[in-house]
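Below: one structure, written as C-alpha coordinates.
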Number of protein chains: 2
Amino acid sequence: MGNEKQINTKRIYDGKILNLRVDEVETSSNVKAIREVIEHKSAVGVLAVTENDSILLVSQFRYAVGADMLEICAGLVEEGESFRQTAERELQEELGFYPEVLEEFSRFYVSPGYCEEMIVLFIAKDLKPSKLEHDEDEMLSTVEIPVSEIPHLLKSGAIIDGKTWAALVWFMGNMAAS
Amino acid sequence: MGNEKQINTKRIYDGKILNLRVDEVETSSNVKAIREVIEHKSAVGVLAVTENDSILLVSQFRYAVGADMLEICAGLVEEGESFRQTAERELQEELGFYPEVLEEFSRFYVSPGYCEEMIVLFIAKDLKPSKLEHDEDEMLSTVEIPVSEIPHLLKSGAIIDGKTWAALVWFMGNMAAS
(Lines give C-alpha, C1' and ligand atoms only; values in the text may rest on other atoms or scores of the structure.)
Protein backbone atom coordinates (compact mmCIF):
# COMPACT_ATOMS: atom_id res chain seq x y z
CA MET A 1 0.00 0.00 0.00
CA GLY A 2 2.92 2.35 0.33
CA ASN A 3 4.39 4.41 3.03
CA GLU A 4 4.49 7.83 4.60
CA LYS A 5 7.68 9.85 4.86
CA GLN A 6 8.38 11.96 7.92
CA ILE A 7 9.09 15.58 6.97
CA ASN A 8 8.98 17.11 10.41
CA THR A 9 8.51 15.99 14.00
CA LYS A 10 7.63 17.95 17.12
CA ARG A 11 7.69 16.54 20.64
CA ILE A 12 4.67 17.82 22.56
CA TYR A 13 4.78 15.87 25.81
CA ASP A 14 6.91 13.26 27.60
CA GLY A 15 4.96 11.76 30.46
CA LYS A 16 4.45 8.92 32.87
CA ILE A 17 2.70 6.29 30.77
CA LEU A 18 2.63 8.04 27.39
CA ASN A 19 4.34 10.60 25.17
CA LEU A 20 2.86 12.67 22.35
CA ARG A 21 4.57 13.81 19.18
CA VAL A 22 3.13 15.46 16.09
CA ASP A 23 4.71 14.63 12.76
CA GLU A 24 4.26 16.16 9.33
CA VAL A 25 4.38 13.45 6.67
CA GLU A 26 4.19 13.09 2.92
CA THR A 27 1.95 10.25 1.76
CA SER A 28 2.74 7.94 -1.17
CA SER A 29 0.44 10.11 -3.31
CA ASN A 30 2.49 13.21 -2.37
CA VAL A 31 -0.12 14.72 -0.08
CA LYS A 32 1.15 16.41 3.07
CA ALA A 33 -0.63 15.42 6.27
CA ILE A 34 -0.35 15.72 10.05
CA ARG A 35 0.02 12.55 12.13
CA GLU A 36 -0.51 12.74 15.88
CA VAL A 37 1.26 9.81 17.52
CA ILE A 38 0.88 8.54 21.08
CA GLU A 39 4.01 6.71 22.16
CA HIS A 40 3.05 4.10 24.71
CA LYS A 41 4.59 0.92 26.12
CA SER A 42 3.36 -2.44 24.94
CA ALA A 43 1.06 -4.34 27.28
CA VAL A 44 -0.17 -7.81 28.11
CA GLY A 45 -3.62 -9.13 28.97
CA VAL A 46 -4.09 -12.44 30.77
CA LEU A 47 -7.29 -14.49 30.74
CA ALA A 48 -7.05 -16.53 33.96
CA VAL A 49 -9.02 -19.79 34.04
CA THR A 50 -9.45 -21.71 37.30
CA GLU A 51 -9.66 -25.47 37.81
CA ASN A 52 -13.37 -25.27 38.64
CA ASP A 53 -14.31 -23.69 35.30
CA SER A 54 -14.36 -20.05 36.26
CA ILE A 55 -12.49 -17.06 34.97
CA LEU A 56 -10.92 -14.40 37.16
CA LEU A 57 -11.46 -10.77 36.20
CA VAL A 58 -10.47 -7.56 37.95
CA SER A 59 -12.81 -4.69 38.66
CA GLN A 60 -11.25 -1.25 38.68
CA PHE A 61 -12.13 2.40 38.22
CA ARG A 62 -10.86 3.83 34.93
CA TYR A 63 -10.49 7.58 35.28
CA ALA A 64 -10.13 8.31 31.54
CA VAL A 65 -13.62 6.99 30.84
CA GLY A 66 -15.13 7.60 34.30
CA ALA A 67 -16.36 4.08 34.92
CA ASP A 68 -15.75 0.92 36.90
CA MET A 69 -14.79 -1.86 34.52
CA LEU A 70 -14.53 -5.61 34.52
CA GLU A 71 -11.28 -6.52 32.78
CA ILE A 72 -8.90 -9.38 32.33
CA CYS A 73 -5.68 -9.00 34.32
CA ALA A 74 -3.39 -6.64 32.40
CA GLY A 75 -0.39 -4.36 32.63
CA LEU A 76 2.45 -2.61 30.85
CA VAL A 77 5.70 -4.30 29.87
CA GLU A 78 8.51 -2.92 32.03
CA GLU A 79 12.11 -2.36 30.92
CA GLY A 80 13.89 -5.67 30.33
CA GLU A 81 10.79 -7.87 30.59
CA SER A 82 9.53 -10.30 27.98
CA PHE A 83 5.77 -10.37 27.36
CA ARG A 84 5.64 -13.68 29.22
CA GLN A 85 7.44 -12.25 32.24
CA THR A 86 5.03 -9.30 32.35
CA ALA A 87 2.09 -11.70 32.23
CA GLU A 88 3.52 -13.78 35.09
CA ARG A 89 4.19 -10.65 37.18
CA GLU A 90 0.79 -9.04 36.59
CA LEU A 91 -1.06 -12.26 37.40
CA GLN A 92 0.73 -12.43 40.75
CA GLU A 93 0.23 -8.71 41.48
CA GLU A 94 -3.41 -8.39 40.46
CA LEU A 95 -4.83 -11.85 41.16
CA GLY A 96 -2.29 -13.57 43.43
CA PHE A 97 -1.53 -16.56 41.22
CA TYR A 98 1.38 -17.95 39.26
CA PRO A 99 0.36 -19.75 36.03
CA GLU A 100 1.90 -23.18 35.43
CA VAL A 101 0.42 -22.97 31.90
CA LEU A 102 0.61 -19.68 29.99
CA GLU A 103 -0.11 -19.56 26.24
CA GLU A 104 -0.21 -16.56 23.89
CA PHE A 105 -3.30 -16.51 21.69
CA SER A 106 -3.19 -13.08 20.05
CA ARG A 107 -1.28 -9.85 19.67
CA PHE A 108 -2.64 -6.64 18.17
CA TYR A 109 -2.50 -2.85 18.16
CA VAL A 110 -5.29 -1.31 20.23
CA SER A 111 -5.72 1.84 18.13
CA PRO A 112 -3.24 1.92 15.24
CA GLY A 113 -4.61 5.16 13.81
CA TYR A 114 -2.66 7.19 16.39
CA CYS A 115 -1.16 4.94 19.07
CA GLU A 116 1.89 2.66 19.18
CA GLU A 117 0.52 0.41 21.92
CA MET A 118 0.49 -3.30 21.13
CA ILE A 119 -1.08 -5.82 23.49
CA VAL A 120 -0.24 -9.51 23.74
CA LEU A 121 -3.01 -11.77 25.04
CA PHE A 122 -2.35 -14.93 27.06
CA ILE A 123 -4.50 -17.62 28.57
CA ALA A 124 -3.35 -18.78 32.02
CA LYS A 125 -4.26 -22.12 33.58
CA ASP A 126 -3.10 -24.36 36.42
CA LEU A 127 -2.93 -21.39 38.79
CA LYS A 128 -0.83 -21.66 41.96
CA PRO A 129 -1.20 -19.14 44.83
CA SER A 130 1.65 -16.61 44.67
CA LYS A 131 1.28 -12.94 45.61
CA LEU A 132 3.36 -9.92 44.58
CA GLU A 133 2.69 -6.35 45.76
CA HIS A 134 1.14 -4.00 43.21
CA ASP A 135 1.21 -0.23 42.57
CA GLU A 136 -0.31 1.78 45.39
CA ASP A 137 -2.37 4.00 43.06
CA GLU A 138 -4.22 1.01 41.60
CA MET A 139 -7.39 -0.12 43.41
CA LEU A 140 -8.49 -3.55 42.24
CA SER A 141 -10.91 -6.22 43.33
CA THR A 142 -11.12 -9.74 41.94
CA VAL A 143 -14.33 -11.06 40.39
CA GLU A 144 -14.80 -14.79 39.74
CA ILE A 145 -17.24 -15.71 36.98
CA PRO A 146 -18.32 -19.24 36.00
CA VAL A 147 -17.58 -20.01 32.35
CA SER A 148 -21.27 -20.89 31.88
CA GLU A 149 -22.16 -17.24 32.59
CA ILE A 150 -19.79 -15.69 30.02
CA PRO A 151 -22.29 -15.77 27.10
CA HIS A 152 -24.82 -13.87 29.21
CA LEU A 153 -22.14 -11.45 30.41
CA LEU A 154 -21.14 -10.68 26.81
CA LYS A 155 -24.73 -10.22 25.65
CA SER A 156 -25.61 -7.97 28.60
CA GLY A 157 -23.15 -5.27 27.55
CA ALA A 158 -21.33 -5.49 30.89
CA ILE A 159 -17.94 -5.93 29.18
CA ILE A 160 -16.95 -2.53 27.81
CA ASP A 161 -13.19 -3.04 27.77
CA GLY A 162 -11.90 -4.00 24.30
CA LYS A 163 -9.17 -6.50 25.21
CA THR A 164 -11.55 -8.23 27.64
CA TRP A 165 -14.41 -8.46 25.15
CA ALA A 166 -12.02 -9.85 22.51
CA ALA A 167 -10.46 -12.38 24.91
CA LEU A 168 -13.84 -13.66 26.15
CA VAL A 169 -15.29 -13.97 22.65
CA TRP A 170 -12.16 -15.90 21.58
CA PHE A 171 -12.40 -18.13 24.65
CA MET A 172 -16.06 -19.03 24.02
CA GLY A 173 -15.39 -19.68 20.30
CA ASN A 174 -12.49 -21.92 21.26
CA MET A 175 -14.64 -23.84 23.75
CA ALA A 176 -17.29 -24.36 21.06
CA ALA A 177 -14.67 -25.69 18.63
CA SER A 178 -13.06 -28.13 21.07
CA MET B 1 -14.99 0.07 43.42
CA GLY B 2 -14.93 3.77 44.08
CA ASN B 3 -13.96 6.83 42.23
CA GLU B 4 -11.18 9.30 41.63
CA LYS B 5 -11.60 13.00 42.33
CA GLN B 6 -10.02 15.57 40.03
CA ILE B 7 -7.80 17.98 42.00
CA ASN B 8 -6.11 19.69 39.08
CA THR B 9 -6.21 19.60 35.30
CA LYS B 10 -3.77 20.89 32.71
CA ARG B 11 -4.45 21.05 28.98
CA ILE B 12 -1.33 19.98 27.12
CA TYR B 13 -2.48 19.79 23.49
CA ASP B 14 -5.57 20.37 21.38
CA GLY B 15 -5.15 18.75 18.00
CA LYS B 16 -6.68 17.35 14.87
CA ILE B 17 -7.89 13.91 15.97
CA LEU B 18 -6.95 13.99 19.65
CA ASN B 19 -6.33 16.22 22.67
CA LEU B 20 -4.18 15.54 25.72
CA ARG B 21 -4.77 16.69 29.27
CA VAL B 22 -2.99 15.71 32.47
CA ASP B 23 -5.05 15.57 35.65
CA GLU B 24 -4.03 15.21 39.26
CA VAL B 25 -6.52 13.02 41.12
CA GLU B 26 -7.16 11.68 44.59
CA THR B 27 -8.10 8.01 44.66
CA SER B 28 -10.75 6.51 46.95
CA SER B 29 -7.90 5.44 49.28
CA ASN B 30 -6.70 9.08 49.47
CA VAL B 31 -3.62 8.54 47.35
CA LYS B 32 -2.70 11.33 44.92
CA ALA B 33 -1.95 10.21 41.39
CA ILE B 34 -1.39 11.59 37.88
CA ARG B 35 -3.80 10.59 35.10
CA GLU B 36 -2.84 11.28 31.50
CA VAL B 37 -5.99 11.37 29.38
CA ILE B 38 -6.28 11.27 25.60
CA GLU B 39 -9.51 12.92 24.48
CA HIS B 40 -10.59 11.30 21.21
CA LYS B 41 -13.82 11.00 19.25
CA SER B 42 -15.80 7.80 19.32
CA ALA B 43 -15.52 5.54 16.30
CA VAL B 44 -17.30 2.79 14.44
CA GLY B 45 -16.05 -0.41 12.82
CA VAL B 46 -18.08 -2.23 10.18
CA LEU B 47 -17.65 -5.89 9.26
CA ALA B 48 -18.96 -6.04 5.69
CA VAL B 49 -20.23 -9.43 4.51
CA THR B 50 -21.02 -10.03 0.82
CA GLU B 51 -23.71 -12.25 -0.68
CA ASN B 52 -21.14 -14.75 -1.90
CA ASP B 53 -19.75 -15.45 1.59
CA SER B 54 -16.81 -13.12 1.61
CA ILE B 55 -15.84 -10.28 3.89
CA LEU B 56 -14.50 -6.95 2.68
CA LEU B 57 -11.50 -5.49 4.48
CA VAL B 58 -9.42 -2.40 3.79
CA SER B 59 -5.66 -2.34 3.56
CA GLN B 60 -3.99 0.88 4.65
CA PHE B 61 -0.69 2.19 5.91
CA ARG B 62 -0.79 3.13 9.61
CA TYR B 63 1.91 5.69 10.31
CA ALA B 64 1.76 5.41 14.13
CA VAL B 65 2.84 1.77 14.00
CA GLY B 66 4.71 1.88 10.67
CA ALA B 67 2.83 -0.95 8.99
CA ASP B 68 0.27 -1.79 6.33
CA MET B 69 -2.76 -3.29 8.00
CA LEU B 70 -5.81 -5.28 7.06
CA GLU B 71 -8.78 -3.78 8.89
CA ILE B 72 -12.53 -3.73 8.88
CA CYS B 73 -14.00 -0.51 7.49
CA ALA B 74 -13.84 2.13 10.23
CA GLY B 75 -13.92 5.81 10.99
CA LEU B 76 -14.60 8.55 13.50
CA VAL B 77 -18.05 9.81 14.42
CA GLU B 78 -18.48 13.33 13.06
CA GLU B 79 -20.44 16.13 14.75
CA GLY B 80 -24.17 15.43 14.68
CA GLU B 81 -23.90 11.83 13.45
CA SER B 82 -25.32 8.76 15.14
CA PHE B 83 -23.10 5.67 15.24
CA ARG B 84 -25.32 4.12 12.59
CA GLN B 85 -24.96 7.13 10.29
CA THR B 86 -21.17 7.02 10.66
CA ALA B 87 -21.19 3.33 9.78
CA GLU B 88 -23.32 3.98 6.67
CA ARG B 89 -21.07 6.86 5.57
CA GLU B 90 -17.78 5.03 6.12
CA LEU B 91 -18.99 1.95 4.28
CA GLN B 92 -19.81 4.11 1.26
CA GLU B 93 -16.55 6.08 1.47
CA GLU B 94 -14.15 3.20 2.06
CA LEU B 95 -15.83 0.27 0.32
CA GLY B 96 -18.45 1.82 -1.99
CA PHE B 97 -21.52 0.08 -0.57
CA TYR B 98 -24.67 0.99 1.32
CA PRO B 99 -25.82 -1.68 3.80
CA GLU B 100 -29.50 -2.67 3.68
CA VAL B 101 -28.85 -4.60 6.92
CA LEU B 102 -26.70 -3.04 9.63
CA GLU B 103 -26.61 -4.50 13.14
CA GLU B 104 -24.56 -3.44 16.17
CA PHE B 105 -22.86 -6.37 17.89
CA SER B 106 -20.50 -4.72 20.38
CA ARG B 107 -19.25 -1.47 21.83
CA PHE B 108 -16.14 -1.05 23.93
CA TYR B 109 -13.31 1.28 24.96
CA VAL B 110 -10.10 0.56 23.02
CA SER B 111 -7.70 1.51 25.82
CA PRO B 112 -9.55 2.71 28.91
CA GLY B 113 -6.38 3.17 30.95
CA TYR B 114 -5.70 6.53 29.28
CA CYS B 115 -8.03 7.07 26.30
CA GLU B 116 -11.68 8.12 25.99
CA GLU B 117 -12.20 6.48 22.60
CA MET B 118 -15.13 4.10 22.37
CA ILE B 119 -15.79 2.04 19.26
CA VAL B 120 -19.13 0.60 18.17
CA LEU B 121 -18.96 -2.51 15.98
CA PHE B 122 -21.55 -3.31 13.30
CA ILE B 123 -22.09 -6.15 10.88
CA ALA B 124 -23.26 -5.02 7.42
CA LYS B 125 -25.08 -7.27 4.94
CA ASP B 126 -27.14 -6.92 1.79
CA LEU B 127 -24.65 -4.45 0.31
CA LYS B 128 -25.80 -2.15 -2.52
CA PRO B 129 -23.25 -0.23 -4.66
CA SER B 130 -23.11 3.39 -3.46
CA LYS B 131 -19.94 5.49 -3.44
CA LEU B 132 -19.04 8.57 -1.41
CA GLU B 133 -15.73 10.45 -1.68
CA HIS B 134 -13.27 9.99 1.18
CA ASP B 135 -10.49 12.05 2.78
CA GLU B 136 -7.64 12.80 0.43
CA ASP B 137 -4.94 11.89 2.98
CA GLU B 138 -6.26 8.33 3.35
CA MET B 139 -4.92 5.72 0.91
CA LEU B 140 -7.01 2.58 1.00
CA SER B 141 -7.43 -0.55 -1.05
CA THR B 142 -10.18 -3.14 -0.68
CA VAL B 143 -9.37 -6.77 0.03
CA GLU B 144 -12.04 -9.48 -0.37
CA ILE B 145 -11.56 -12.62 1.71
CA PRO B 146 -13.73 -15.76 1.58
CA VAL B 147 -15.26 -16.60 4.96
CA SER B 148 -13.67 -20.07 4.71
CA GLU B 149 -10.22 -18.44 4.88
CA ILE B 150 -10.85 -16.39 8.04
CA PRO B 151 -9.71 -19.11 10.50
CA HIS B 152 -6.39 -19.41 8.66
CA LEU B 153 -6.06 -15.61 8.48
CA LEU B 154 -6.56 -15.34 12.26
CA LYS B 155 -4.09 -18.15 13.02
CA SER B 156 -1.44 -16.73 10.68
CA GLY B 157 -1.04 -13.54 12.71
CA ALA B 158 -1.93 -11.40 9.68
CA ILE B 159 -4.60 -9.50 11.64
CA ILE B 160 -2.78 -7.12 13.96
CA ASP B 161 -5.54 -4.53 14.35
CA GLY B 162 -7.50 -5.01 17.58
CA LYS B 163 -11.04 -4.13 16.42
CA THR B 164 -10.57 -6.33 13.33
CA TRP B 165 -9.27 -9.32 15.28
CA ALA B 166 -12.17 -8.98 17.75
CA ALA B 167 -14.79 -8.63 14.99
CA LEU B 168 -13.50 -11.64 13.03
CA VAL B 169 -13.28 -13.87 16.12
CA TRP B 170 -16.84 -12.85 17.04
CA PHE B 171 -18.04 -13.55 13.48
CA MET B 172 -16.51 -17.03 13.38
CA GLY B 173 -17.90 -17.89 16.84
CA ASN B 174 -21.32 -16.73 15.72
CA MET B 175 -21.12 -18.84 12.56
CA ALA B 176 -20.19 -21.89 14.65
CA ALA B 177 -23.14 -21.29 16.98
CA SER B 178 -25.72 -20.84 14.21
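All residue names refer to the C-alpha coordinates as shown: chains lettered A, B, ... in order, residues numbered from 1 in each chain, ligands numbered from 1 in order.
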Would you give me, as JSON lines, each residue of stretch 13-76 of chain A having an atom within 9 Å of an atom of stretch 11-18 of chain B, along with its shortest atom pair and that distance in Å to one decimal, using only C-alpha atoms and sorting by chain and residue number?
{"residue": "A:Tyr13", "atom": "CA", "partner": "B:Ile12", "partner_atom": "CA", "distance": 7.5}
{"residue": "A:Leu20", "atom": "CA", "partner": "B:Tyr13", "partner_atom": "CA", "distance": 9.0}
{"residue": "A:Ile34", "atom": "CA", "partner": "B:Lys16", "partner_atom": "CA", "distance": 8.1}
{"residue": "A:Arg35", "atom": "CA", "partner": "B:Lys16", "partner_atom": "CA", "distance": 8.7}
{"residue": "A:Glu36", "atom": "CA", "partner": "B:Ile17", "partner_atom": "CA", "distance": 7.5}
Include N, CA, C and O atoms and write out the residues we just selected as a PDB file, in the first residue's frame.
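In the end it all went to again.pdb:
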ATOM      1  N   TYR A  13       4.919  16.252  24.403  1.00  0.00           N
ATOM      2  CA  TYR A  13       4.784  15.871  25.814  1.00  0.00           C
ATOM      3  C   TYR A  13       5.513  14.558  26.065  1.00  0.00           C
ATOM      4  O   TYR A  13       5.389  13.614  25.278  1.00  0.00           O
ATOM      5  N   LEU A  20       3.561  12.225  23.560  1.00  0.00           N
ATOM      6  CA  LEU A  20       2.855  12.668  22.352  1.00  0.00           C
ATOM      7  C   LEU A  20       3.825  13.414  21.446  1.00  0.00           C
ATOM      8  O   LEU A  20       4.553  14.297  21.900  1.00  0.00           O
ATOM      9  N   ILE A  34      -0.804  15.692   8.657  1.00  0.00           N
ATOM     10  CA  ILE A  34      -0.353  15.720  10.053  1.00  0.00           C
ATOM     11  C   ILE A  34      -0.687  14.373  10.695  1.00  0.00           C
ATOM     12  O   ILE A  34      -1.786  13.844  10.526  1.00  0.00           O
ATOM     13  N   ARG A  35       0.267  13.803  11.402  1.00  0.00           N
ATOM     14  CA  ARG A  35       0.018  12.548  12.128  1.00  0.00           C
ATOM     15  C   ARG A  35       0.338  12.754  13.608  1.00  0.00           C
ATOM     16  O   ARG A  35       1.484  13.002  13.975  1.00  0.00           O
ATOM     17  N   GLU A  36      -0.682  12.642  14.432  1.00  0.00           N
ATOM     18  CA  GLU A  36      -0.510  12.744  15.883  1.00  0.00           C
ATOM     19  C   GLU A  36      -0.252  11.339  16.415  1.00  0.00           C
ATOM     20  O   GLU A  36      -1.065  10.440  16.195  1.00  0.00           O
TER      21      GLU A  36
END
Select, as a PyMOL selection string, those residues of chain A with any atom no more than 8 Å from chain B (distances computed using only C-alpha atoms). chain A and resi 1-4+12-13+15-18+27+31-33+35-38+59-65+68+106-116+136-137+139-141+157+159-163+165-166+169-170+172-173+176-177
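We find atom CA of A:Leu76 and atom CA of A:Val120 to be spaced 10.3 Å apart.
If only C-alpha atoms are the atoms counted, then among B:Leu57, B:Leu70, B:Ala48, B:Leu95 the closest residue to B:Asp126 is B:Ala48.
Counting from atom CA of B:Glu144, the distance to atom CA of B:Gln85 is 23.6 Å.
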Rounded to one decimal, what separation in Å do you get between atom CA of B:Pro146 and atom CA of B:Arg89? 24.1 Å
